[in-house]
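**Student:** What follows is start_38.txt, compact mmCIF, C-alpha atoms.
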```txt
# COMPACT_ATOMS: atom_id res chain seq x y z
CA MET A 13 -13.29 -7.98 -7.05
CA GLU A 14 -12.05 -5.78 -9.88
CA ASN A 15 -12.26 -2.01 -9.77
CA SER A 16 -13.15 -1.31 -13.41
CA PHE A 17 -16.86 -0.77 -12.68
CA ILE A 18 -16.50 1.20 -9.46
CA LYS A 19 -17.63 4.80 -9.02
CA ARG A 20 -18.38 6.84 -5.93
CA PHE A 21 -21.89 8.21 -5.37
CA PRO A 22 -21.82 10.64 -2.43
CA ASP A 23 -25.45 11.65 -3.07
CA ILE A 24 -26.92 8.15 -2.56
CA MET A 25 -28.00 7.42 1.05
CA ALA A 26 -26.10 10.52 2.15
CA GLY A 27 -26.28 10.98 5.91
CA LYS A 28 -28.11 7.66 6.31
CA LYS A 29 -27.30 4.29 7.80
CA VAL A 30 -26.99 1.17 5.67
CA MET A 31 -26.73 -2.10 7.56
CA TYR A 32 -25.15 -5.08 5.81
CA VAL A 33 -25.77 -8.70 6.85
CA HIS A 34 -23.15 -11.03 5.41
CA GLY A 35 -23.52 -14.58 4.14
CA PHE A 36 -22.57 -17.94 5.59
CA GLY A 37 -18.86 -18.35 6.34
CA SER A 38 -18.18 -14.64 5.86
CA SER A 39 -17.70 -11.68 8.19
CA ALA A 40 -18.06 -7.94 8.60
CA GLU A 41 -14.76 -7.62 6.71
CA SER A 42 -16.18 -9.05 3.49
CA GLY A 43 -15.50 -7.43 0.15
CA THR A 44 -19.11 -6.26 -0.11
CA VAL A 45 -18.78 -4.21 3.08
CA HIS A 46 -15.71 -2.47 1.71
CA ARG A 47 -17.48 -1.92 -1.60
CA LEU A 48 -20.48 -0.31 0.09
CA ARG A 49 -18.20 2.06 1.98
CA GLU A 50 -16.33 2.94 -1.18
CA VAL A 51 -19.38 3.50 -3.39
CA LEU A 52 -21.54 5.25 -0.74
CA PRO A 53 -18.97 7.51 0.98
CA GLN A 54 -21.55 9.74 2.70
CA ALA A 55 -23.50 6.83 4.20
CA THR A 56 -22.66 5.07 7.47
CA ILE A 57 -22.16 1.38 6.74
CA ILE A 58 -22.98 -0.84 9.72
CA ALA A 59 -21.69 -4.42 9.70
CA GLU A 60 -20.99 -6.92 12.45
CA ASP A 61 -19.85 -10.53 12.46
CA VAL A 62 -22.98 -12.69 12.48
CA PRO A 63 -22.81 -15.42 15.17
CA LEU A 64 -22.58 -18.98 13.90
CA HIS A 65 -25.63 -20.20 15.82
CA PRO A 66 -28.79 -18.84 14.17
CA GLN A 67 -30.88 -18.04 17.26
CA GLU A 68 -27.99 -16.05 18.68
CA ALA A 69 -27.54 -14.40 15.29
CA ILE A 70 -31.11 -13.18 14.87
CA MET A 71 -31.19 -11.86 18.42
CA MET A 72 -27.98 -9.91 17.82
CA LEU A 73 -29.22 -8.51 14.50
CA ARG A 74 -32.54 -7.38 15.98
CA GLN A 75 -30.75 -5.67 18.83
CA LEU A 76 -28.38 -4.00 16.35
CA CYS A 77 -31.39 -2.71 14.42
CA GLU A 78 -32.93 -1.29 17.60
CA GLU A 79 -29.68 0.46 18.50
CA GLU A 80 -28.78 1.80 15.05
CA GLN A 81 -32.20 2.23 13.39
CA PRO A 82 -30.80 1.67 9.88
CA ASP A 83 -32.44 3.37 6.92
CA LEU A 84 -31.74 0.34 4.75
CA ILE A 85 -30.69 -3.26 5.37
CA VAL A 86 -28.87 -5.25 2.69
CA GLY A 87 -28.43 -8.99 3.20
CA THR A 88 -26.78 -11.58 0.98
CA SER A 89 -27.34 -15.36 0.99
CA MET A 90 -27.66 -16.41 4.65
CA GLY A 91 -27.73 -12.70 5.47
CA GLY A 92 -30.69 -12.35 3.13
CA MET A 93 -32.50 -15.04 5.12
CA TYR A 94 -31.92 -13.11 8.36
CA THR A 95 -32.75 -9.80 6.66
CA GLU A 96 -36.22 -11.10 5.76
CA MET A 97 -36.96 -11.41 9.49
CA LEU A 98 -35.86 -7.86 10.33
CA TYR A 99 -39.33 -6.37 9.89
CA GLY A 100 -39.99 -2.66 10.04
CA TYR A 101 -37.10 -1.57 7.79
CA ASP A 102 -36.49 -1.11 4.07
CA ARG A 103 -34.60 -4.20 2.94
CA ILE A 104 -32.80 -5.69 -0.05
CA MET A 105 -32.34 -9.46 -0.06
CA ILE A 106 -29.70 -10.72 -2.51
CA ASN A 107 -29.81 -14.43 -3.36
CA PRO A 108 -31.42 -15.12 0.03
CA ALA A 109 -30.75 -18.62 1.39
CA LEU A 110 -34.28 -19.03 2.73
CA ARG A 111 -33.74 -22.78 3.09
CA ILE A 112 -30.15 -22.65 4.25
CA GLY A 113 -30.31 -25.94 6.17
CA ASP A 114 -31.20 -27.79 2.99
CA THR A 115 -28.52 -25.86 1.09
CA MET A 116 -25.87 -26.94 3.59
CA VAL A 117 -26.76 -30.60 3.08
CA SER A 118 -27.13 -30.54 -0.69
CA HIS A 119 -23.89 -28.62 -1.31
CA GLY A 120 -21.70 -30.33 1.25
CA LEU A 121 -21.36 -27.35 3.58
CA THR A 122 -20.95 -29.63 6.59
CA GLY A 123 -17.88 -30.69 8.54
CA ALA A 124 -14.77 -28.54 8.97
CA GLN A 125 -15.11 -25.06 7.42
CA ARG A 126 -13.09 -21.85 7.33
CA PHE A 127 -14.40 -18.27 7.28
CA PHE A 128 -13.72 -16.47 4.01
CA SER A 129 -12.70 -13.23 5.69
CA PRO A 130 -11.25 -12.28 9.10
CA ARG A 131 -13.54 -12.31 12.15
CA LYS A 132 -13.18 -9.88 15.03
CA ASP A 133 -12.73 -12.68 17.57
CA GLY A 134 -9.83 -14.12 15.56
CA VAL A 135 -11.53 -17.48 15.08
CA GLN A 136 -11.22 -18.60 11.47
CA ASP A 137 -12.15 -22.29 11.64
CA PHE A 138 -15.50 -23.82 12.57
CA ILE A 139 -17.42 -27.07 12.21
CA VAL A 140 -20.90 -27.53 10.79
CA THR A 141 -22.52 -30.43 12.62
CA LYS A 142 -25.86 -32.13 12.05
CA ALA A 143 -27.11 -30.32 15.14
CA LEU A 144 -26.12 -26.95 13.65
CA VAL A 145 -27.84 -27.82 10.37
CA LYS A 146 -31.01 -28.54 12.35
CA GLU A 147 -30.70 -25.14 14.05
CA TYR A 148 -30.65 -23.50 10.62
CA LYS A 149 -33.62 -25.53 9.42
CA ASP A 150 -35.51 -24.51 12.55
CA ILE A 151 -34.72 -20.78 12.17
CA THR A 152 -35.99 -20.70 8.58
CA THR A 153 -39.43 -21.78 9.77
CA GLN A 154 -39.66 -18.23 11.18
CA ASN A 155 -39.27 -16.65 7.75
CA PHE A 156 -42.32 -14.74 6.46
CA ALA A 157 -43.98 -14.74 9.90
CA GLY A 158 -44.26 -10.95 9.90
CA VAL A 159 -45.21 -10.30 6.29
CA ASN A 160 -48.06 -7.84 5.80
CA ASP A 161 -49.01 -5.27 3.16
CA GLU A 162 -46.61 -2.68 4.56
CA GLU A 163 -43.70 -5.14 4.62
CA LYS A 164 -44.40 -6.19 1.05
CA GLY A 165 -43.70 -2.65 -0.06
CA ARG A 166 -40.42 -2.41 1.84
CA VAL A 167 -38.60 -5.44 0.42
CA VAL A 168 -36.84 -6.09 -2.87
CA GLY A 169 -35.42 -9.50 -3.73
CA LEU A 170 -32.53 -9.81 -6.19
CA PHE A 171 -31.79 -13.21 -7.69
CA GLY A 172 -28.77 -14.05 -9.83
CA ASP A 173 -29.65 -15.81 -13.07
CA HIS A 174 -26.45 -17.88 -12.75
CA ASP A 175 -26.79 -18.77 -9.07
CA ASP A 176 -25.96 -22.49 -8.82
CA LEU A 177 -26.04 -22.58 -5.02
CA VAL A 178 -29.40 -21.12 -3.94
CA ASP A 179 -32.72 -20.81 -5.75
CA THR A 180 -35.50 -19.37 -3.60
CA TYR A 181 -37.05 -17.11 -6.24
CA ASP A 182 -40.40 -18.91 -6.31
CA LEU A 183 -40.56 -19.12 -2.51
CA PHE A 184 -39.84 -15.40 -2.22
CA CYS A 185 -42.54 -14.59 -4.79
CA GLU A 186 -45.12 -16.41 -2.69
CA HIS A 187 -44.73 -13.67 -0.06
CA TYR A 188 -43.26 -10.53 -1.70
CA PRO A 189 -44.17 -8.93 -5.04
CA THR A 190 -40.84 -7.34 -6.02
CA ALA A 191 -38.46 -10.06 -7.20
CA ILE A 192 -35.89 -9.16 -9.85
CA ARG A 193 -33.50 -11.40 -11.74
CA PHE A 194 -30.03 -9.93 -12.24
CA HIS A 195 -27.11 -11.04 -14.39
CA GLY A 196 -24.79 -12.71 -11.93
CA ALA A 197 -23.89 -15.69 -9.79
CA HIS A 198 -24.42 -16.39 -6.09
CA ARG A 199 -21.48 -14.31 -5.00
CA MET A 200 -21.53 -10.74 -6.23
CA ASP A 201 -18.79 -9.23 -8.34
CA ASP A 202 -18.26 -5.56 -9.15
CA GLN A 203 -20.45 -5.69 -12.23
CA SER A 204 -23.48 -7.22 -10.54
CA PHE A 205 -23.10 -4.87 -7.56
CA MET A 206 -22.84 -1.69 -9.61
CA HIS A 207 -25.38 -2.56 -12.31
CA SER A 208 -27.91 -4.50 -10.22
CA VAL A 209 -27.70 -3.70 -6.51
CA LEU A 210 -26.81 -0.02 -6.68
CA PRO A 211 -29.82 0.95 -8.86
CA VAL A 212 -32.14 -0.61 -6.26
CA ILE A 213 -30.40 1.27 -3.45
CA ARG A 214 -30.90 4.46 -5.49
CA TRP A 215 -34.61 3.68 -5.96
CA MET A 216 -35.07 3.15 -2.23
CA ASP A 217 -33.19 6.33 -1.37
CA ASP A 218 -35.35 8.30 -3.82
CA ARG A 219 -38.52 6.84 -2.34
CA GLN A 220 -37.44 7.65 1.21
CA GLU A 221 -36.66 11.23 0.21
CA HIS A 222 -39.82 11.59 -1.92
CA ARG A 223 -37.38 12.59 -4.64
CA GLU A 224 -38.71 12.86 -8.18
CA ARG A 225 -36.01 12.84 -10.82
CA GLU A 226 -36.52 14.29 -14.28
CA LYS A 227 -37.85 11.61 -16.62
CA VAL A 228 -36.02 10.56 -19.76
CA LEU A 229 -38.09 8.44 -22.14
CA VAL A 230 -35.95 6.36 -24.46
CA GLY A 231 -37.50 4.84 -27.56
CA ILE A 232 -36.54 1.20 -27.98
CA ASP A 233 -35.74 2.12 -31.59
CA THR A 234 -32.71 4.04 -30.28
CA LEU A 235 -31.40 1.04 -28.34
CA VAL A 236 -31.12 -1.28 -31.33
CA ASP A 237 -29.16 -0.93 -34.54
CA ARG A 238 -30.56 -1.21 -38.05
CA ARG A 239 -30.29 -5.03 -37.86
CA GLY A 240 -32.33 -5.14 -34.68
CA MET A 241 -29.31 -5.93 -32.50
CA ALA A 242 -28.46 -4.08 -29.29
CA GLU A 243 -26.80 -0.74 -30.03
CA ALA A 244 -23.20 -1.00 -28.86
CA SER A 245 -23.07 2.26 -26.92
CA ALA A 246 -26.72 2.34 -25.79
CA GLN A 247 -26.29 0.11 -22.75
CA LYS A 248 -23.43 2.23 -21.42
CA ALA A 249 -25.44 5.41 -22.09
CA PHE A 250 -28.51 4.01 -20.33
CA ARG A 251 -26.45 3.23 -17.22
CA TRP A 252 -25.00 6.73 -17.31
CA LEU A 253 -28.44 8.33 -17.57
CA ILE A 254 -29.93 6.47 -14.58
CA GLU A 255 -27.33 8.08 -12.33
CA THR A 256 -29.22 11.36 -12.71
CA TYR A 257 -32.58 10.66 -14.34
CA ASP A 258 -35.56 8.34 -14.04
CA VAL A 259 -35.28 6.49 -17.36
CA TYR A 260 -38.05 4.56 -19.13
CA ILE A 261 -37.98 2.48 -22.30
CA VAL A 262 -40.81 3.28 -24.71
CA ALA A 263 -41.89 0.49 -27.06
CA PRO A 264 -44.72 0.22 -29.60
CA ALA A 265 -47.95 -1.25 -28.31
CA PRO A 266 -49.23 -4.32 -30.19
CA ARG A 267 -51.81 -3.42 -32.82
CA SER A 268 -53.68 -6.71 -32.51
CA THR A 269 -54.65 -8.88 -29.59
CA ASP A 270 -53.69 -12.10 -31.38
CA ASP A 271 -49.98 -11.97 -30.67
CA GLY A 272 -49.90 -8.85 -28.52
CA THR A 273 -49.04 -10.54 -25.24
CA GLU A 274 -46.23 -12.53 -26.83
CA GLN A 275 -44.82 -9.42 -28.50
CA MET A 276 -44.81 -7.53 -25.20
CA LYS A 277 -43.14 -10.47 -23.45
CA LYS A 278 -40.38 -10.48 -26.07
CA THR A 279 -39.81 -6.75 -25.59
CA ILE A 280 -39.60 -7.10 -21.82
CA ALA A 281 -37.27 -10.09 -22.20
CA TRP A 282 -35.03 -8.02 -24.48
CA ALA A 283 -34.95 -5.16 -21.97
CA ASP A 284 -34.18 -7.61 -19.18
CA GLU A 285 -31.33 -9.15 -21.16
CA TYR A 286 -29.59 -5.94 -22.27
CA ILE A 287 -30.61 -3.36 -19.64
CA ASN A 288 -31.49 -5.78 -16.84
CA VAL A 289 -32.37 -4.44 -13.36
CA PRO A 290 -32.79 -0.75 -14.35
CA ALA A 291 -35.48 -1.83 -16.83
CA TYR A 292 -37.64 -3.45 -14.13
CA ASN A 293 -41.09 -1.78 -14.25
CA HIS A 294 -39.58 0.82 -16.59
CA VAL A 295 -40.95 -0.34 -19.95
CA VAL A 296 -43.92 1.58 -21.39
CA PHE A 297 -45.97 0.37 -24.36
CA THR A 298 -47.69 3.02 -26.45
CA ASN A 299 -48.23 4.10 -30.05
CA GLN A 300 -48.72 7.71 -28.93
CA PRO A 301 -45.43 8.64 -27.18
CA GLN A 302 -46.23 12.33 -27.56
CA LEU A 303 -48.93 11.87 -24.90
CA LEU A 304 -46.48 10.58 -22.27
CA MET A 305 -45.47 12.77 -19.36
CA GLY A 306 -41.71 13.20 -19.44
CA ASP A 307 -38.99 15.81 -19.54
CA PHE A 308 -37.03 14.32 -22.45
CA LEU A 309 -37.81 11.88 -25.24
CA VAL A 310 -34.96 10.22 -27.16
CA THR A 311 -36.39 8.82 -30.38
CA THR A 312 -35.76 8.27 -34.08
CA MET A 313 -39.41 9.01 -34.90
CA PRO A 314 -41.16 12.37 -35.39
CA CYS A 315 -42.96 13.26 -32.18
CA GLU A 316 -44.91 16.49 -32.54
CA GLY A 317 -46.88 17.48 -29.49
CA PHE A 318 -44.55 16.05 -26.86
CA MET A 319 -44.56 18.48 -23.94
CA GLY A 320 -40.90 17.96 -23.06
CA THR A 321 -37.68 18.14 -25.08
CA VAL A 322 -37.34 15.79 -28.04
CA VAL A 323 -33.81 14.49 -28.62
CA PRO A 324 -33.82 13.20 -32.23
CA TYR A 325 -31.45 10.24 -32.38
CA ARG A 326 -29.57 9.64 -35.65
CA SER A 327 -30.25 13.26 -36.66
CA SER A 328 -27.51 15.63 -37.82
CA THR A 329 -27.27 16.94 -34.23
CA PHE A 330 -27.38 13.59 -32.40
CA LYS A 331 -25.84 11.00 -34.69
CA THR A 332 -24.59 8.80 -31.86
CA TRP A 333 -25.31 8.05 -28.21
CA GLU A 334 -22.00 9.68 -27.33
CA GLU A 335 -23.35 13.00 -28.66
CA ILE A 336 -26.55 12.52 -26.67
CA ILE A 337 -24.59 11.91 -23.47
CA THR A 338 -22.51 15.02 -24.17
CA TYR A 339 -25.77 16.97 -24.42
CA PHE A 340 -27.18 15.62 -21.15
CA ASP A 341 -23.84 16.11 -19.43
CA ARG A 342 -23.83 19.76 -20.46
CA ILE A 343 -27.35 20.53 -19.24
CA THR A 344 -26.91 18.76 -15.89
CA ARG A 345 -23.75 20.57 -14.85
```
If you convert what's in this file into structure tokens, what do you get?
**Tutor:**
Amino acid sequence: MENSFIKRFPDIMAGKKVMYVHGFGSSAESGTVHRLREVLPQATIIAEDVPLHPQEAIMMLRQLCEEEQPDLIVGTSMGGMYTEMLYGYDRIMINPALRIGDTMVSHGLTGAQRFFSPRKDGVQDFIVTKALVKEYKDITTQNFAGVNDEEKGRVVGLFGDHDDLVDTYDLFCEHYPTAIRFHGAHRMDDQSFMHSVLPVIRWMDDRQEHREREKVLVGIDTLVDRRGMAEASAQKAFRWLIETYDVYIVAPAPRSTDDGTEQMKKTIAWADEYINVPAYNHVVFTNQPQLLMGDFLVTTMPCEGFMGTVVPYRSSTFKTWEEIITYFDRITR
């Protein structure tokens, strides 16, 4: 993975335990484990090699949870499948292979295999037999057995929109309400980790701490140029703002019911395309933005009566998003 997107966030999950459950054919030495330790330097990252046989694996993971009491569990692919069964903890499931036995068959993951990263026991080669595939099919029948209202609020599913190996989005949605598409493939790279996974970790940390960040409301008119295309610097600015603030996109509400739903869908689709995960549940439709509760409002429109600070985009003071970021950088120091 490249390092161009990587930053360190010592405030996120500081003093807490984050347990990572790796995918099939991987180990506790995977690149994601190293990335978590790099990006979350004040968190304790717990990762162990997951046993090849699934019943042994789930027993080990449950025991590890009892011993470590992690504040958050992150599981990818096969690890996402196991993570679903670790009830009682906040969890993020990334491209979870909830039907891993079928995936093994359909993608030729049988026969002689080699682990992608070093294992503690030194064993690097293994064989996937028909009997092992059956073990995986059997273990996935245990998925969703412990789902209740409390669990539904503790789980977030992230699904790559270019995942050509696993697609369990619909199955996940049958049991959990928070499923988010992110721009990425089955295996995470730096960009999908930093722009998709990290924001969710930040949300969960904020919720655990009952932390309320100052709210920045950003008019959708500031995120597009005069031709209606995405503003070049707006996406970068948005990602910078969410590191400190709770950021919402404010869009006009439809004035008629005839095409209102379709108009709102197009706005949400635009936000999903250009802002992606940070825009999830963060789009507000209103024709009276001055009535919204927020600390800052970035807009090109007059907004008398807003109780917070109005940041007038494209004004003589804030001609560009770079000038707006300079302003926010100054007041947050």
**Student:** So, counting all atoms listed in the file, which residue among A:Phe171, A:Trp333, A:Tyr181, A:Phe318 is closest to Pro301 (chain A)?
**Tutor:**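 Of A:Phe171, A:Trp333, A:Tyr181, A:Phe318, the one nearest Pro301 (chain A), counting all atoms listed in the file, is A:Phe318.
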**Student:** Between A:Phe330, A:Gln275, A:Gly165, A:Phe297, which one has atoms that come closest to Thr190 (chain A), using all atoms listed in the file?
**Tutor:**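 Smallest distance to Thr190 (chain A) is found for A:Gly165.
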**Student:** In the coordinates of the file, take the point (-26.3, 10.1, -22.1) and a cut-off of 7 Å; then, counting all atoms listed in the file, name each qualifying protein, DNA or RNA residue as number ranges by chain.
**Tutor:** A: 249-250, 252-253, 333-334, 336-338, 340
**Student:** What is the CA of Pro324 (chain A)-CA of Pro266 (chain A) distance in Å, reported with one decimal?
**Tutor:** 23.4 Å
**Student:** Which of these, A:Leu170, A:Leu84, A:Asp179, A:Val33, has the shortest distance to Arg111 (chain A) once you count only C-alpha atoms?
**Tutor:**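 Using only C-alpha atoms, Arg111 (chain A) sits closest to A:Asp179.
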**Student:** So the first atom is CA of Leu64 (chain A) and the second is CA of Tyr32 (chain A); what is the distance between them in Å, to one decimal place?
**Tutor:**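 Spanning CA of Leu64 (chain A) to CA of Tyr32 (chain A) is a straight-line distance of 16.3 Å.
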**Student:** What is the CA of Gly158 (chain A) to CA of Val140 (chain A) distance in Å?
**Tutor:**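 Distance reported for this atom pair: 28.7 Å.
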**Student:** Counting only C-alpha atoms, figure out which residue out of A:Thr332, A:Thr234, A:Ser39, A:Thr273 gets nearest to Asp133 (chain A).
**Tutor:**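 Closest to Asp133 (chain A) of all the choices is A:Ser39.
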